[in-house]
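Peer 1: Got a structure here, written out as structure tokens. Questions coming.
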Amino acid sequence: NYSATVKGFRASWKHGVAYLGHMGVSVLLIGVILSSGYGKSTQVQLPKGQSVDALGYQMTFEGMQRGSDGKDLAVIAVKGPDRTFTARAHFFWSEYNQGYMKNPHIERFAHKDLYISPLEMMGDDPNAHGVKFLPGETKQLGQAKYTFEGFTPEMGDGKMKLTANLTAEQGGRTVPLHPTFEVQMGGGQPVITPDYMPGGGQVSIVSASPQDGSVVLSMPGMDQTQGQSQILAVEVSTKPFINLVWLGALVMLLSTSLVVFRRAEDVRREQAAA
């Protein structure tokens, strides 16, 4: 196909266009065959803070992080023979779907793509990134004692706003806290507004349950009682020569554009001759 394309363009670009499209299809198919036939995949468990080998890459799960879009990210430090980087894969709990939503981290190299896909948090649950309180319940976290009193709901303008009412006792001082959680009735990302402790740190709502009036709160001191036992299961896979797929697709697109241009030229020439 390459030889025929070169010969066609030497004769005339109009003759070479058809061969260019065929060459694009060939390159794309070669990329698909190499990527699927020679790719590797493995599943590993990453205990938080421990280095684990996967396909020649040393991976360390560093914990969960809230992204700029408000969704949780699984942060994994990766050290390999060709590059050292930090993978950030979306892995967040969806109240609407009652399950984890997952998007892989894709690290691109010249000759391959490396996919790091979260599967599940071993032994985890929707409350893993917060502490669950029932109305009237008191819990001690670090140096502070928290008491959740209940919600104050507000509705209007197509949205619902929940304000959690709780108190925090620390160093002989009791302070009220009122973090809020606002959702649009038609869907969309919730607006989370934290409240702040006098000595530093913040308290925010992770989720709320209208069934039992409970709330899951993110608050200071959480990492001292949970998080170190987190184990993230991931699938690590490689797709070698995947760039050939994109190259073939671009060549096909270029060929199609040239065919359209050639046809437009022929139409204009026919109209001018008529």
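For the structure tokens, the naming scheme is as follows: chains receive sequential letters (A, B, ...) according to their order of presentation, residues are indexed from 1 within each chain, and ligands are indexed from 1 in presentation order.
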Could you find all residues in region 97-261 of chain A that DSSP calls alpha helix (DSSP H) from the backbone, and write them as a PyMOL selection string?
Peer 2: chain A and resi 222-225+243-261
Peer 1: Residues at most 7 Å from Phe61 (chain A), counting only C-alpha atoms, excluding those fewer than 3 positions away in the same chain, as a PyMOL selection string?
Peer 2: chain A and resi 46-50+75-77
Peer 1: Go through A:Ser257, A:Thr180, A:Gln271, A:Asn165 one by one, measure the shortest atom-to-atom distance of each to Gly21 (chain A) using only C-alpha atoms, and give the residue with the smallest value.
Peer 2: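 For Gly21 (chain A), the nearest of the given residues is A:Ser257.
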Peer 1: List the spatial neighbours of Val175 (chain A) as an MDAnalysis selection string - criterion: any atom at most 10 Å away, only C-alpha atoms, same-chain residues fewer than 6 positions off excluded.
Peer 2: chainID A and resid 146 166:169 197:198
Peer 1: Store the residues picked out above in a file with N, CA, C and O atoms, as an mmCIF file, in the first residue's frame.
Peer 2:
```
data_model
loop_
_atom_site.group_PDB
_atom_site.id
_atom_site.type_symbol
_atom_site.label_atom_id
_atom_site.label_comp_id
_atom_site.auth_asym_id
_atom_site.auth_seq_id
_atom_site.Cartn_x
_atom_site.Cartn_y
_atom_site.Cartn_z
ATOM 1 N N TYR A 146 -17.305 15.099 68.687
ATOM 2 C CA TYR A 146 -18.322 15.668 67.825
ATOM 3 C C TYR A 146 -19.686 15.066 68.158
ATOM 4 O O TYR A 146 -19.808 13.855 68.368
ATOM 5 N N LEU A 166 -24.068 20.358 64.187
ATOM 6 C CA LEU A 166 -23.276 19.572 65.123
ATOM 7 C C LEU A 166 -22.434 20.494 65.988
ATOM 8 O O LEU A 166 -22.258 21.679 65.674
ATOM 9 N N THR A 167 -21.932 19.931 67.045
ATOM 10 C CA THR A 167 -21.040 20.666 67.937
ATOM 11 C C THR A 167 -19.730 19.909 68.061
ATOM 12 O O THR A 167 -19.686 18.682 67.925
ATOM 13 N N ALA A 168 -18.670 20.668 68.305
ATOM 14 C CA ALA A 168 -17.354 20.086 68.507
ATOM 15 C C ALA A 168 -16.796 20.577 69.836
ATOM 16 O O ALA A 168 -16.759 21.788 70.083
ATOM 17 N N GLU A 169 -16.389 19.616 70.683
ATOM 18 C CA GLU A 169 -15.783 19.953 71.971
ATOM 19 C C GLU A 169 -14.285 19.681 71.901
ATOM 20 O O GLU A 169 -13.868 18.561 71.604
ATOM 21 N N MET A 197 -13.039 24.551 61.874
ATOM 22 C CA MET A 197 -12.732 24.463 63.294
ATOM 23 C C MET A 197 -11.901 25.680 63.708
ATOM 24 O O MET A 197 -11.071 26.179 62.923
ATOM 25 N N PRO A 198 -12.091 26.171 64.933
ATOM 26 C CA PRO A 198 -11.308 27.331 65.388
ATOM 27 C C PRO A 198 -9.804 27.087 65.349
ATOM 28 O O PRO A 198 -9.030 27.992 65.043
#
```
Peer 1: List every residue of region 8-242 of chain A that DSSP, applied to the backbone of this structure, assigns to strand (DSSP E or B), and report them as a PyMOL selection string.
Peer 2: chain A and resi 41-48+51-54+57-66+72-79+84-94+99-103+105-108+112-122+131-133+138-141+144-156+159-170+173-177+180-184+191-193+195-196+202-208+215-218+231-240
Peer 1: Convert the current residue selection to file output with C-alpha atoms, as a compact mmCIF listing (two decimals), in the first residue's frame.
Peer 2:
```
# COMPACT_ATOMS: atom_id res chain seq x y z
CA SER A 41 -2.59 -7.02 31.73
CA THR A 42 -2.49 -7.85 35.42
CA GLN A 43 -4.54 -7.14 38.53
CA VAL A 44 -2.83 -6.21 41.79
CA GLN A 45 -3.80 -5.02 45.26
CA LEU A 46 -2.13 -1.84 46.50
CA PRO A 47 -2.10 -1.45 50.30
CA LYS A 48 -1.82 2.21 51.17
CA SER A 51 5.15 -0.45 46.98
CA VAL A 52 3.89 -3.25 44.71
CA ASP A 53 5.33 -4.38 41.36
CA ALA A 54 3.01 -4.53 38.34
CA TYR A 57 6.39 -0.66 37.49
CA GLN A 58 6.64 0.00 41.21
CA MET A 59 3.28 1.38 42.35
CA THR A 60 2.45 2.94 45.71
CA PHE A 61 -1.12 3.87 46.61
CA GLU A 62 -0.89 7.22 48.42
CA GLY A 63 -4.57 7.63 49.23
CA MET A 64 -7.65 9.42 47.99
CA GLN A 65 -7.72 13.07 46.95
CA ARG A 66 -10.58 15.42 46.10
CA ASP A 72 -12.41 11.67 44.40
CA LEU A 73 -9.16 10.58 42.79
CA ALA A 74 -7.05 7.56 43.63
CA VAL A 75 -3.47 8.83 43.80
CA ILE A 76 -0.77 6.30 42.87
CA ALA A 77 2.96 7.03 42.69
CA VAL A 78 4.51 5.06 39.80
CA LYS A 79 8.19 4.41 39.20
CA THR A 84 8.39 8.26 37.09
CA PHE A 85 4.98 9.88 37.46
CA THR A 86 1.90 10.19 39.66
CA ALA A 87 -1.28 8.54 38.42
CA ARG A 88 -4.61 10.11 39.34
CA ALA A 89 -7.58 7.93 38.43
CA HIS A 90 -11.19 8.93 39.09
CA PHE A 91 -12.72 6.63 41.70
CA PHE A 92 -15.70 8.15 43.45
CA TRP A 93 -18.92 7.05 45.08
CA SER A 94 -22.13 7.95 43.24
CA GLY A 99 -21.80 2.40 43.29
CA TYR A 100 -18.27 3.51 42.43
CA MET A 101 -17.63 5.39 39.19
CA LYS A 102 -14.20 4.67 37.71
CA ASN A 103 -12.04 6.26 35.01
CA HIS A 105 -5.34 6.99 34.34
CA ILE A 106 -3.66 6.76 30.90
CA GLU A 107 0.06 7.41 30.67
CA ARG A 108 1.17 7.82 27.07
CA LYS A 112 2.62 2.29 24.07
CA ASP A 113 -0.07 3.47 26.45
CA LEU A 114 -0.14 2.38 30.10
CA TYR A 115 -3.60 2.07 31.68
CA ILE A 116 -4.08 2.08 35.48
CA SER A 117 -7.73 1.30 36.20
CA PRO A 118 -9.20 1.24 39.75
CA LEU A 119 -11.38 -1.81 40.41
CA GLU A 120 -12.47 -1.58 44.03
CA MET A 121 -11.41 -0.49 47.49
CA MET A 122 -10.91 -3.75 49.37
CA VAL A 131 -17.41 9.21 59.46
CA LYS A 132 -21.09 8.26 59.72
CA PHE A 133 -23.26 9.89 62.40
CA THR A 138 -21.36 11.51 69.61
CA LYS A 139 -17.94 10.34 68.44
CA GLN A 140 -14.37 11.14 69.45
CA LEU A 141 -11.85 11.81 66.65
CA ALA A 144 -12.16 16.61 69.49
CA LYS A 145 -15.56 15.16 70.39
CA TYR A 146 -18.32 15.67 67.83
CA THR A 147 -22.08 15.47 68.35
CA PHE A 148 -24.44 15.43 65.37
CA GLU A 149 -27.82 16.93 66.25
CA GLY A 150 -29.63 16.61 62.92
CA PHE A 151 -30.37 18.38 59.64
CA THR A 152 -32.05 21.63 58.73
CA PRO A 153 -33.47 21.20 55.19
CA GLU A 154 -34.24 24.10 52.87
CA MET A 155 -35.98 23.78 49.49
CA GLY A 156 -36.59 26.31 46.74
CA LYS A 159 -32.70 22.82 44.63
CA MET A 160 -32.45 21.35 48.10
CA LYS A 161 -29.99 22.47 50.74
CA LEU A 162 -29.11 20.44 53.83
CA THR A 163 -27.36 22.03 56.77
CA ALA A 164 -25.80 19.64 59.27
CA ASN A 165 -26.02 20.87 62.86
CA LEU A 166 -23.28 19.57 65.12
CA THR A 167 -21.04 20.67 67.94
CA ALA A 168 -17.35 20.09 68.51
CA GLU A 169 -15.78 19.95 71.97
CA GLN A 170 -12.05 20.57 72.08
CA ARG A 173 -14.45 24.74 74.40
CA THR A 174 -17.66 23.85 72.53
CA VAL A 175 -18.27 25.36 69.11
CA PRO A 176 -21.22 24.90 66.70
CA LEU A 177 -20.53 23.73 63.15
CA THR A 180 -23.97 22.49 54.02
CA PHE A 181 -24.75 20.15 51.11
CA GLU A 182 -26.75 21.58 48.18
CA VAL A 183 -28.11 19.57 45.23
CA GLN A 184 -30.10 20.50 42.15
CA VAL A 191 -22.26 22.11 46.07
CA ILE A 192 -20.42 21.31 49.31
CA THR A 193 -19.64 24.14 51.71
CA ASP A 195 -17.39 24.75 58.15
CA TYR A 196 -14.11 25.41 59.90
CA GLN A 202 -12.63 21.73 58.26
CA VAL A 203 -15.77 19.63 58.47
CA SER A 204 -17.76 18.89 55.30
CA ILE A 205 -20.65 16.65 54.29
CA VAL A 206 -19.75 13.62 52.14
CA SER A 207 -23.27 12.18 51.88
CA ALA A 208 -26.60 12.14 53.69
CA VAL A 215 -24.79 11.96 57.66
CA VAL A 216 -21.27 11.05 56.55
CA LEU A 217 -18.79 13.78 57.46
CA SER A 218 -15.23 14.43 56.40
CA ILE A 231 -6.25 -1.46 49.89
CA LEU A 232 -6.93 -0.38 46.32
CA ALA A 233 -7.37 -3.10 43.70
CA VAL A 234 -6.30 -1.97 40.22
CA GLU A 235 -5.87 -3.43 36.77
CA VAL A 236 -2.64 -2.44 35.03
CA SER A 237 -2.46 -2.98 31.28
CA THR A 238 -0.35 -1.93 28.32
CA LYS A 239 -1.43 -1.23 24.76
CA PRO A 240 1.70 -1.34 22.58
```
Peer 1: When you draw a straight line from CA of Val32 (chain A) to CA of Leu253 (chain A), how long is it in Å?
Peer 2: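 Separating CA of Val32 (chain A) from CA of Leu253 (chain A) is a distance of 17.3 Å.
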Peer 1: Hey, can you check how far CA of Asp69 (chain A) sits from CA of His178 (chain A)?
Peer 2: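 That distance, rounded to one decimal, is 22.7 Å.
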